[in-house]
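As provided, run_9.cif (mmCIF, C-alpha atoms and all ligand atoms) reads as follows.
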```cif
data_protein
#
loop_
_atom_site.label_atom_id
_atom_site.label_comp_id
_atom_site.auth_asym_id
_atom_site.auth_seq_id
_atom_site.Cartn_x
_atom_site.Cartn_y
_atom_site.Cartn_z
CA MET A 1 82.16 133.27 109.14
CA SER A 2 80.40 133.16 112.46
CA ASP A 3 83.34 132.40 114.73
CA PRO A 4 84.65 135.74 116.06
CA THR A 5 88.00 134.18 117.05
CA ARG A 6 88.61 133.15 113.48
CA PRO A 7 91.15 135.30 111.67
CA ARG A 8 89.94 137.31 108.71
CA GLY A 9 90.67 135.45 105.53
CA PRO A 10 91.56 131.79 105.48
CA LYS A 11 92.98 130.03 108.50
CA ILE A 12 96.47 128.91 107.54
CA ILE A 13 97.76 125.68 109.11
CA ALA A 14 101.25 124.23 108.65
CA VAL A 15 101.29 120.43 108.91
CA ALA A 16 104.77 119.81 110.24
CA ASN A 17 107.03 117.23 111.82
CA GLN A 18 110.66 116.88 110.80
CA LYS A 19 110.36 113.10 110.91
CA GLY A 20 109.49 111.49 107.60
CA GLY A 21 106.74 108.93 107.28
CA VAL A 22 104.66 110.10 110.24
CA GLY A 23 101.54 110.97 108.25
CA LYS A 24 101.98 114.65 107.33
CA THR A 25 100.98 114.25 103.69
CA THR A 26 98.23 111.75 104.45
CA THR A 27 96.81 114.12 107.07
CA THR A 28 97.06 117.16 104.79
CA ILE A 29 95.23 115.42 101.93
CA ASN A 30 92.53 113.78 104.03
CA LEU A 31 91.92 116.58 106.50
CA GLY A 32 91.70 118.88 103.48
CA ALA A 33 89.22 116.53 101.83
CA ALA A 34 87.16 116.23 105.02
CA LEU A 35 87.00 120.00 105.45
CA ALA A 36 86.04 120.36 101.78
CA GLU A 37 83.35 117.73 102.19
CA ALA A 38 82.00 119.76 105.10
CA GLY A 39 81.61 122.73 102.77
CA GLN A 40 84.83 124.58 103.58
CA LYS A 41 86.89 125.96 100.73
CA VAL A 42 90.39 124.54 101.12
CA LEU A 43 93.74 125.13 99.44
CA ILE A 44 96.57 122.65 99.95
CA VAL A 45 100.06 124.02 99.41
CA ASP A 46 102.52 121.24 98.64
CA LEU A 47 105.75 122.44 100.23
CA ASP A 48 107.62 119.13 99.98
CA PRO A 49 109.92 118.63 96.96
CA GLN A 50 108.81 115.00 96.94
CA GLY A 51 105.41 116.26 95.76
CA ASN A 52 103.48 113.45 97.41
CA ALA A 53 100.43 115.57 98.16
CA SER A 54 100.30 116.59 94.49
CA THR A 55 100.56 113.00 93.30
CA GLY A 56 98.05 111.81 95.89
CA LEU A 57 95.54 114.34 94.59
CA GLY A 58 96.05 113.38 90.99
CA VAL A 59 98.28 116.16 89.64
CA ALA A 60 100.68 114.22 87.40
CA PRO A 61 104.36 115.33 87.47
CA SER A 62 104.16 116.13 83.75
CA ASP A 63 101.28 118.45 84.55
CA ARG A 64 103.13 120.61 87.08
CA GLU A 65 104.45 123.46 85.01
CA TYR A 66 103.89 126.07 87.68
CA THR A 67 104.33 125.03 91.27
CA THR A 68 105.12 126.17 94.79
CA TYR A 69 108.59 127.01 93.53
CA GLU A 70 107.21 129.73 91.25
CA LEU A 71 104.81 130.84 93.97
CA LEU A 72 107.77 131.47 96.29
CA LEU A 73 110.48 132.67 93.98
CA GLU A 74 108.93 134.18 90.89
CA GLU A 75 106.25 136.69 90.23
CA ILE A 76 103.49 134.61 88.81
CA GLU A 77 99.74 134.88 88.47
CA LEU A 78 98.06 132.88 91.20
CA SER A 79 95.69 131.42 88.64
CA GLU A 80 98.71 129.73 87.06
CA VAL A 81 99.69 127.86 90.22
CA VAL A 82 96.38 127.22 91.99
CA ARG A 83 94.88 124.06 90.54
CA GLU A 84 91.56 122.31 90.92
CA THR A 85 91.40 118.72 92.12
CA ALA A 86 88.79 116.05 91.47
CA LEU A 87 87.02 117.27 94.62
CA ASP A 88 84.75 120.28 94.87
CA ASN A 89 86.11 122.93 97.26
CA LEU A 90 89.64 121.44 97.25
CA LEU A 91 92.44 123.27 95.44
CA ILE A 92 96.17 122.64 95.37
CA VAL A 93 99.42 124.37 94.56
CA PRO A 94 101.53 121.39 93.44
CA ALA A 95 105.24 120.85 93.98
CA THR A 96 108.06 119.20 92.10
CA VAL A 97 111.63 118.36 92.91
CA ASP A 98 112.52 121.93 91.79
CA LEU A 99 111.57 122.94 95.28
CA SER A 100 114.62 121.16 96.71
CA SER A 101 116.87 123.89 95.32
CA ALA A 102 114.52 126.60 96.62
CA ASP A 103 115.80 126.00 100.12
CA MET A 104 119.24 127.20 99.00
CA GLU A 105 117.93 129.97 96.77
CA LEU A 106 115.80 131.32 99.60
CA ILE A 107 118.89 131.91 101.69
CA ALA A 108 119.98 134.56 99.21
CA SER A 109 116.71 136.43 99.53
CA GLU A 110 116.39 139.23 102.03
CA LYS A 111 112.80 138.26 102.78
CA ARG A 112 113.71 134.60 102.88
CA SER A 113 111.42 133.61 105.74
CA PHE A 114 108.45 135.64 104.51
CA LEU A 115 108.10 134.51 100.90
CA LEU A 116 105.23 132.10 101.51
CA HIS A 117 103.62 134.50 103.98
CA ASP A 118 103.56 137.23 101.35
CA ALA A 119 102.49 134.90 98.54
CA LEU A 120 99.49 133.65 100.52
CA ARG A 121 98.42 137.13 101.56
CA GLN A 122 98.40 138.77 98.16
CA ASN A 123 95.07 140.34 97.27
CA ALA A 124 94.60 138.01 94.31
CA MET A 125 94.04 135.20 96.84
CA ASP A 126 90.64 136.70 97.76
CA VAL A 127 88.93 135.45 94.60
CA TYR A 128 89.16 131.87 95.85
CA GLY A 129 87.11 132.63 98.98
CA LEU A 130 89.20 130.21 101.02
CA ASP A 131 88.37 129.06 104.54
CA TYR A 132 91.53 127.02 105.11
CA ILE A 133 95.03 126.73 103.70
CA LEU A 134 96.89 123.54 104.69
CA ILE A 135 100.64 123.49 104.08
CA ASP A 136 102.25 120.06 103.66
CA CYS A 137 105.78 120.56 105.01
CA PRO A 138 108.92 118.62 104.08
CA PRO A 139 110.47 116.20 106.63
CA SER A 140 112.97 118.77 107.84
CA LEU A 141 113.19 121.94 109.89
CA ASN A 142 114.67 123.81 106.93
CA LEU A 143 113.86 127.20 105.49
CA LEU A 144 110.84 125.80 103.66
CA THR A 145 109.30 124.65 106.95
CA VAL A 146 110.21 127.98 108.54
CA ASN A 147 108.40 129.73 105.66
CA ALA A 148 105.35 127.61 106.44
CA MET A 149 105.50 128.51 110.14
CA VAL A 150 105.93 132.20 109.38
CA ALA A 151 102.97 132.10 106.99
CA ALA A 152 100.71 130.09 109.29
CA HIS A 153 98.33 130.87 112.12
CA SER A 154 99.01 127.47 113.63
CA VAL A 155 100.98 124.24 113.39
CA LEU A 156 99.33 120.83 113.29
CA VAL A 157 101.71 118.02 114.25
CA PRO A 158 101.05 114.43 113.16
CA LEU A 159 102.62 112.02 115.65
CA GLN A 160 103.08 108.44 114.59
CA SER A 161 101.92 106.03 117.29
CA GLU A 162 105.21 104.15 117.61
CA PHE A 163 108.29 103.98 119.77
CA PHE A 164 110.38 107.18 119.81
CA ALA A 165 107.37 109.17 118.60
CA LEU A 166 107.91 111.92 121.15
CA GLU A 167 111.61 112.21 120.42
CA GLY A 168 112.17 115.11 118.12
CA LEU A 169 109.11 116.95 119.35
CA SER A 170 111.26 119.19 121.55
CA GLN A 171 113.29 120.23 118.51
CA LEU A 172 110.06 121.02 116.67
CA MET A 173 108.74 123.03 119.63
CA LEU A 174 112.04 124.93 119.80
CA THR A 175 111.71 125.89 116.15
CA ILE A 176 108.13 127.06 116.78
CA ARG A 177 109.37 129.20 119.70
CA GLU A 178 112.12 130.70 117.53
CA VAL A 179 109.63 131.55 114.80
CA ARG A 180 107.38 133.19 117.40
CA GLN A 181 110.27 135.29 118.68
CA SER A 182 111.59 136.32 115.30
CA ALA A 183 108.71 136.57 112.87
CA ASN A 184 105.30 135.31 113.92
CA PRO A 185 104.44 136.00 117.58
CA GLY A 186 100.87 134.76 117.13
CA LEU A 187 101.82 131.27 115.94
CA ARG A 188 99.83 128.65 117.83
CA ILE A 189 99.89 124.91 118.11
CA GLU A 190 96.70 123.74 116.43
CA GLY A 191 97.16 120.34 117.96
CA ILE A 192 99.00 117.07 117.87
CA VAL A 193 97.25 114.19 116.13
CA LEU A 194 98.10 110.56 116.72
CA THR A 195 98.42 108.78 113.39
CA MET A 196 98.63 105.10 112.38
CA PHE A 197 97.10 104.21 115.71
CA ASP A 198 96.63 100.49 116.33
CA SER A 199 94.25 99.83 119.20
CA ARG A 200 95.38 96.17 119.44
CA ASN A 201 98.95 97.25 119.98
CA ASN A 202 100.14 98.09 123.51
CA LEU A 203 102.78 100.37 122.10
CA SER A 204 100.18 102.62 120.47
CA ALA A 205 98.36 102.85 123.80
CA GLN A 206 101.63 103.68 125.56
CA VAL A 207 102.49 106.43 123.07
CA GLU A 208 99.00 107.86 123.49
CA GLN A 209 99.33 107.82 127.28
CA ASP A 210 102.74 109.51 127.13
CA ALA A 211 101.47 112.12 124.68
CA ARG A 212 98.38 112.92 126.75
CA ASP A 213 100.39 113.00 130.01
CA ASN A 214 103.06 115.28 128.59
CA LEU A 215 101.15 117.41 126.13
CA GLY A 216 97.68 117.37 127.65
CA PRO A 217 95.02 119.34 125.80
CA MET A 218 97.31 119.90 122.83
CA VAL A 219 96.57 116.34 121.72
CA PHE A 220 93.47 115.95 119.56
CA LYS A 221 90.85 113.55 120.92
CA THR A 222 90.58 112.03 117.46
CA ARG A 223 93.12 109.33 116.67
CA ILE A 224 93.78 108.26 113.09
CA PRO A 225 93.82 104.45 112.95
CA ARG A 226 96.26 102.46 110.91
CA ASN A 227 94.03 101.48 108.00
CA VAL A 228 95.09 99.88 104.74
CA ARG A 229 92.49 101.88 102.78
CA VAL A 230 94.32 105.07 103.83
CA SER A 231 97.59 103.80 102.37
CA GLU A 232 95.95 102.52 99.18
CA ALA A 233 94.07 105.72 98.33
CA PRO A 234 97.03 107.78 96.95
CA SER A 235 97.72 105.22 94.22
CA TYR A 236 94.19 105.92 92.99
CA SER A 237 94.92 109.67 93.16
CA LEU A 238 92.16 110.11 95.70
CA PRO A 239 91.73 111.03 99.35
CA VAL A 240 90.52 108.04 101.36
CA LEU A 241 87.21 109.87 101.82
CA GLN A 242 86.53 109.33 98.12
CA TYR A 243 88.37 106.05 97.68
CA ASP A 244 86.48 104.31 100.49
CA SER A 245 84.05 106.71 102.07
CA THR A 246 83.00 104.45 104.96
CA SER A 247 86.47 103.15 105.87
CA LYS A 248 87.75 103.71 109.39
CA GLY A 249 90.38 106.06 108.02
CA ALA A 250 87.80 108.22 106.23
CA MET A 251 85.61 108.39 109.34
CA ALA A 252 88.57 109.37 111.51
CA TYR A 253 89.59 112.22 109.21
CA ARG A 254 85.99 113.48 109.25
CA ASP A 255 86.15 113.44 113.06
CA LEU A 256 89.44 115.32 112.97
CA ALA A 257 87.95 117.95 110.67
CA ARG A 258 84.99 118.40 113.03
CA GLU A 259 87.29 118.70 116.03
CA LEU A 260 89.43 121.23 114.20
CA MET A 261 86.45 123.33 113.13
CA SER A 262 84.99 123.36 116.64
CA ASN A 263 88.31 124.12 118.20
CA GLN A 264 89.46 127.40 116.77
CA THR A 265 90.65 128.55 120.16
CA ARG A 266 92.87 125.62 121.18
CA ALA A 267 95.36 126.95 123.70
CA ALA A 268 98.84 127.84 122.55
CA ALA A 269 101.61 125.75 124.09
P1 LIG A 301 104.96 111.98 105.77
O1 LIG A 301 104.28 112.94 104.85
O2 LIG A 301 105.03 112.46 107.19
O3 LIG A 301 106.32 111.57 105.27
P2 LIG A 301 103.00 110.09 104.84
O4 LIG A 301 101.69 110.76 105.04
O5 LIG A 301 103.55 110.06 103.45
O6 LIG A 301 104.07 110.65 105.85
O7 LIG A 301 102.82 108.59 105.39
C1 LIG A 301 103.90 107.66 105.36
C2 LIG A 301 103.38 106.31 104.89
O8 LIG A 301 102.44 105.80 105.84
C3 LIG A 301 102.65 106.35 103.56
O9 LIG A 301 102.96 105.20 102.83
C4 LIG A 301 101.19 106.37 103.96
O10 LIG A 301 100.36 105.79 102.97
C5 LIG A 301 101.20 105.54 105.21
N1 LIG A 301 100.12 105.94 106.14
C6 LIG A 301 99.91 107.17 106.64
N2 LIG A 301 98.85 107.18 107.46
C7 LIG A 301 98.36 105.91 107.47
C8 LIG A 301 97.26 105.27 108.12
N3 LIG A 301 96.44 105.94 108.93
N4 LIG A 301 97.07 103.95 107.88
C9 LIG A 301 97.89 103.26 107.06
N5 LIG A 301 98.95 103.81 106.43
C10 LIG A 301 99.17 105.11 106.62
MG MG A 302 105.04 113.90 103.15
#
```
Representation of the structure as structure tokens:
Amino acid sequence: MSDPTRPRGPKIIAVANQKGGVGKTTTTINLGAALAEAGQKVLIVDLDPQGNASTGLGVAPSDREYTTYELLLEEIELSEVVRETALDNLLIVPATVDLSSADMELIASEKRSFLLHDALRQNAMDVYGLDYILIDCPPSLNLLTVNAMVAAHSVLVPLQSEFFALEGLSQLMLTIREVRQSANPGLRIEGIVLTMFDSRNNLSAQVEQDARDNLGPMVFKTRIPRNVRVSEAPSYSLPVLQYDSTSKGAMAYRDLARELMSNQTRAAA
């Protein structure tokens, strides 16, 4: 790796926003696919009990014997939980609804906030030669999301381009500050990415203006357009980059990947 600012080992990014339906899973899958397409070795960790990232990448529920749950709460060989996808360079640890009870079980553990951190830093991880780990967080600021923030170098926040988008961001930022104070002082904001952007809609433009005015350089230049091909792709178990390689959505996620790769030193908020 040529970038001296890059941490040793994979860069770990938590994709988080406690609002549901803002594009976390879509961004995790497609940013992961775009990075993989660019030759980076990527692992997606599905940390949402809904398991949408797993489904979207073609891991059938019946085929998820070992999952993020075992990764967090049981001693298990990594090779049992790290799965290949249809894409070269893109791996996944899938999730099932089992993970919904993990939030409660974690509370009983002394190392409750560090379980994902420790799991991702075990020596056995080295064999995969990863460049990036993307963690798809649940729509909540629960202990699972805190585990992601403790494990991560940075947080990437998808922001849906609609009314009230910025509401809730202060709660998210507060959680990030608390994690910095308690467990992970180096945690950065990777950036905020506008999703489901509709350039014909004044509201999208207004949200973008508000975001750029208030959050400045934290906001990625790349906007992800609202694009029907993006929403269709998961039902074909594919990232949009494979489902429709020249769609606007695919192009935007490639741009986002490029911006991310060239922007390892984005300022912390
Ligand atoms: P989250 O993980 O934050 O709950 P999702 O990524 O599942 O959000 O997205 C919510 C819904 O919006 C899904 O149905 C998804 O297909 C759709 N969606 C996300 N991004 C786009 C986009 N750029 N264009 C069209 N639909 C999108
Ligand atoms: Mg999701």
At a cut-off of 12 Å around ligand MG 302 (chain A), and using all atoms listed in the file, what residues come up? Please write them as a PDB file with C-alpha atoms, in the coordinates of the input.
```
ATOM      1  CA  VAL A  15     101.290 120.430 108.910  1.00  0.00           C
ATOM      2  CA  ALA A  16     104.770 119.810 110.240  1.00  0.00           C
ATOM      3  CA  ASN A  17     107.030 117.230 111.820  1.00  0.00           C
ATOM      4  CA  GLN A  18     110.660 116.880 110.800  1.00  0.00           C
ATOM      5  CA  LYS A  19     110.360 113.100 110.910  1.00  0.00           C
ATOM      6  CA  GLY A  20     109.490 111.490 107.600  1.00  0.00           C
ATOM      7  CA  GLY A  21     106.740 108.930 107.280  1.00  0.00           C
ATOM      8  CA  VAL A  22     104.660 110.100 110.240  1.00  0.00           C
ATOM      9  CA  GLY A  23     101.540 110.970 108.250  1.00  0.00           C
ATOM     10  CA  LYS A  24     101.980 114.650 107.330  1.00  0.00           C
ATOM     11  CA  THR A  25     100.980 114.250 103.690  1.00  0.00           C
ATOM     12  CA  THR A  26      98.230 111.750 104.450  1.00  0.00           C
ATOM     13  CA  THR A  27      96.810 114.120 107.070  1.00  0.00           C
ATOM     14  CA  THR A  28      97.060 117.160 104.790  1.00  0.00           C
ATOM     15  CA  ILE A  29      95.230 115.420 101.930  1.00  0.00           C
ATOM     16  CA  VAL A  45     100.060 124.020  99.410  1.00  0.00           C
ATOM     17  CA  ASP A  46     102.520 121.240  98.640  1.00  0.00           C
ATOM     18  CA  LEU A  47     105.750 122.440 100.230  1.00  0.00           C
ATOM     19  CA  ASP A  48     107.620 119.130  99.980  1.00  0.00           C
ATOM     20  CA  PRO A  49     109.920 118.630  96.960  1.00  0.00           C
ATOM     21  CA  GLN A  50     108.810 115.000  96.940  1.00  0.00           C
ATOM     22  CA  GLY A  51     105.410 116.260  95.760  1.00  0.00           C
ATOM     23  CA  ASN A  52     103.480 113.450  97.410  1.00  0.00           C
ATOM     24  CA  ALA A  53     100.430 115.570  98.160  1.00  0.00           C
ATOM     25  CA  SER A  54     100.300 116.590  94.490  1.00  0.00           C
ATOM     26  CA  THR A  55     100.560 113.000  93.300  1.00  0.00           C
ATOM     27  CA  GLY A  56      98.050 111.810  95.890  1.00  0.00           C
ATOM     28  CA  ALA A  95     105.240 120.850  93.980  1.00  0.00           C
ATOM     29  CA  ILE A 135     100.640 123.490 104.080  1.00  0.00           C
ATOM     30  CA  ASP A 136     102.250 120.060 103.660  1.00  0.00           C
ATOM     31  CA  CYS A 137     105.780 120.560 105.010  1.00  0.00           C
ATOM     32  CA  PRO A 138     108.920 118.620 104.080  1.00  0.00           C
ATOM     33  CA  PRO A 139     110.470 116.200 106.630  1.00  0.00           C
ATOM     34  CA  SER A 140     112.970 118.770 107.840  1.00  0.00           C
ATOM     35  CA  PRO A 158     101.050 114.430 113.160  1.00  0.00           C
ATOM     36  CA  PRO A 234      97.030 107.780  96.950  1.00  0.00           C
TER      37      PRO A 234
END
```
Discussion item. Quick check, in Å to one decimal: how far apart do atom CA of Leu260 of chain A and atom CA of Asn201 of chain A lie?
Written reply: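 Computing the Euclidean distance for atom CA of Leu260 of chain A and atom CA of Asn201 of chain A yields 26.4 Å.
Residue nearest Lys11 of chain A within the list A:Asp244, A:Asp131, A:Asp255, A:Asp213: A:Asp131 [criterion: smallest interatomic distance, only C-alpha atoms].
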Box dimensions and centre (Å, one decimal) enclosing ligand LIG 301 (chain A), axis-aligned, 8 Å extra per side, as AutoDock Vina command-line options:
```
--center_x 101.4 --center_y 108.1 --center_z 105.9 --size_x 25.9 --size_y 25.7 --size_z 22.1
```
Worksheet item: What separation in Å, quoted to one decimal, exists between atom CA of Ile133 of chain A and atom CA of Val207 of chain A?
Response: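 Pair atom CA of Ile133 of chain A / atom CA of Val207 of chain A returns 29.0 Å.
The closest residue to ligand LIG 301 (chain A), picked from A:Met261, A:Ile13, A:Leu187, A:Leu159 and counting all atoms listed in the file, is A:Leu159.
With all atoms listed in the file as the basis for measurement, A:Pro94 is the residue among A:Gly216, A:Pro10, A:Pro239, A:Pro94 that approaches Leu71 of chain A most closely.
Coordinates place atom CA of Leu120 of chain A at a distance of 12.6 Å from atom CA of Ile92 of chain A.
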Show which residues sit within 8 Å of segment 58-65 of chain A, as a PDB file with C-alpha atoms, keeping the file's coordinate frame. Count only C-alpha atoms, and ignore same-chain residues fewer than 5 positions away.
```
ATOM      1  CA  THR A  85      91.400 118.720  92.120  1.00  0.00           C
ATOM      2  CA  ALA A  86      88.790 116.050  91.470  1.00  0.00           C
ATOM      3  CA  PRO A  94     101.530 121.390  93.440  1.00  0.00           C
ATOM      4  CA  ALA A  95     105.240 120.850  93.980  1.00  0.00           C
ATOM      5  CA  THR A  96     108.060 119.200  92.100  1.00  0.00           C
ATOM      6  CA  TYR A 236      94.190 105.920  92.990  1.00  0.00           C
ATOM      7  CA  SER A 237      94.920 109.670  93.160  1.00  0.00           C
ATOM      8  CA  LEU A 238      92.160 110.110  95.700  1.00  0.00           C
TER       9      LEU A 238
END
```
Item to complete: Might you pull out every residue within 12 Å of Gln122 of chain A, with only C-alpha atoms counted and same-chain residues fewer than 3 positions away left off, and present them as a count of residues only?
Response: 16
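Comparing the minimum interatomic distances between Ala165 of chain A and each of A:Gln206, A:Ser235, A:Asn227, A:Thr222, counting only C-alpha atoms, we find that A:Gln206 sits nearest.
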Worksheet item: Using all atoms listed in the file, which residue out of A:Ser154, A:Ser231, A:Ser161, A:Thr246 lies closest to Tyr132 of chain A?
Response: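 Going through A:Ser154, A:Ser231, A:Ser161, A:Thr246 one by one, the smallest distance to Tyr132 of chain A is for A:Ser154.
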Worksheet item: Out of A:Val42, A:Leu31, A:Leu144, A:Leu90, which residue has the shortest atom-to-atom distance to ligand LIG 301 (chain A) when counting all atoms listed in the file?
Response: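 Using all atoms listed in the file, the shortest distance to ligand LIG 301 (chain A) belongs to A:Leu31.
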Practice prompt. Excluding Arg223 of chain A and any residue of its chain fewer than 4 positions from it, enumerate the residues within 8 Å of it, using only C-alpha atoms, and give them as an NGL selection string.
Written response: :A and (193-195 or 197 or 252 or 256)
Can you spit out segment 21-66 of chain A with C-alpha atoms, as a tab-separated table (two decimals), in the first residue's frame, from the structure just given?
```
chain	number	residue	atom	x	y	z
A	21	GLY	CA	-34.20	3.19	4.55
A	22	VAL	CA	-31.54	5.85	3.93
A	23	GLY	CA	-29.28	3.68	1.77
A	24	LYS	CA	-26.84	2.07	4.24
A	25	THR	CA	-27.13	-1.43	2.81
A	26	THR	CA	-27.25	-0.23	-0.78
A	27	THR	CA	-24.13	1.85	-0.19
A	28	THR	CA	-22.30	-0.97	1.59
A	29	ILE	CA	-22.98	-3.45	-1.21
A	30	ASN	CA	-22.26	-1.11	-4.11
A	31	LEU	CA	-19.33	0.77	-2.64
A	32	GLY	CA	-17.89	-2.65	-1.75
A	33	ALA	CA	-18.46	-3.84	-5.31
A	34	ALA	CA	-16.92	-0.68	-6.77
A	35	LEU	CA	-13.83	-0.99	-4.58
A	36	ALA	CA	-13.55	-4.67	-5.52
A	37	GLU	CA	-13.88	-3.79	-9.19
A	38	ALA	CA	-11.01	-1.35	-8.72
A	39	GLY	CA	-8.84	-4.21	-7.49
A	40	GLN	CA	-9.25	-3.73	-3.74
A	41	LYS	CA	-9.91	-6.78	-1.58
A	42	VAL	CA	-13.09	-6.07	0.36
A	43	LEU	CA	-14.96	-7.80	3.19
A	44	ILE	CA	-18.53	-6.78	3.99
A	45	VAL	CA	-19.69	-7.53	7.51
A	46	ASP	CA	-23.47	-7.72	7.70
A	47	LEU	CA	-24.26	-6.35	11.14
A	48	ASP	CA	-28.01	-5.93	10.60
A	49	PRO	CA	-30.30	-8.77	11.79
A	50	GLN	CA	-32.43	-8.10	8.71
A	51	GLY	CA	-29.56	-9.55	6.67
A	52	ASN	CA	-30.29	-7.40	3.62
A	53	ALA	CA	-26.66	-7.12	2.57
A	54	SER	CA	-26.38	-10.92	2.69
A	55	THR	CA	-29.50	-11.39	0.59
A	56	GLY	CA	-28.47	-8.64	-1.83
A	57	LEU	CA	-25.18	-10.44	-2.42
A	58	GLY	CA	-26.82	-13.78	-2.99
A	59	VAL	CA	-26.25	-15.61	0.30
A	60	ALA	CA	-29.58	-17.41	0.79
A	61	PRO	CA	-30.97	-17.51	4.37
A	62	SER	CA	-30.82	-21.31	4.29
A	63	ASP	CA	-27.13	-21.02	3.49
A	64	ARG	CA	-26.19	-18.93	6.54
A	65	GLU	CA	-25.13	-21.50	9.07
A	66	TYR	CA	-22.33	-19.39	10.49
```
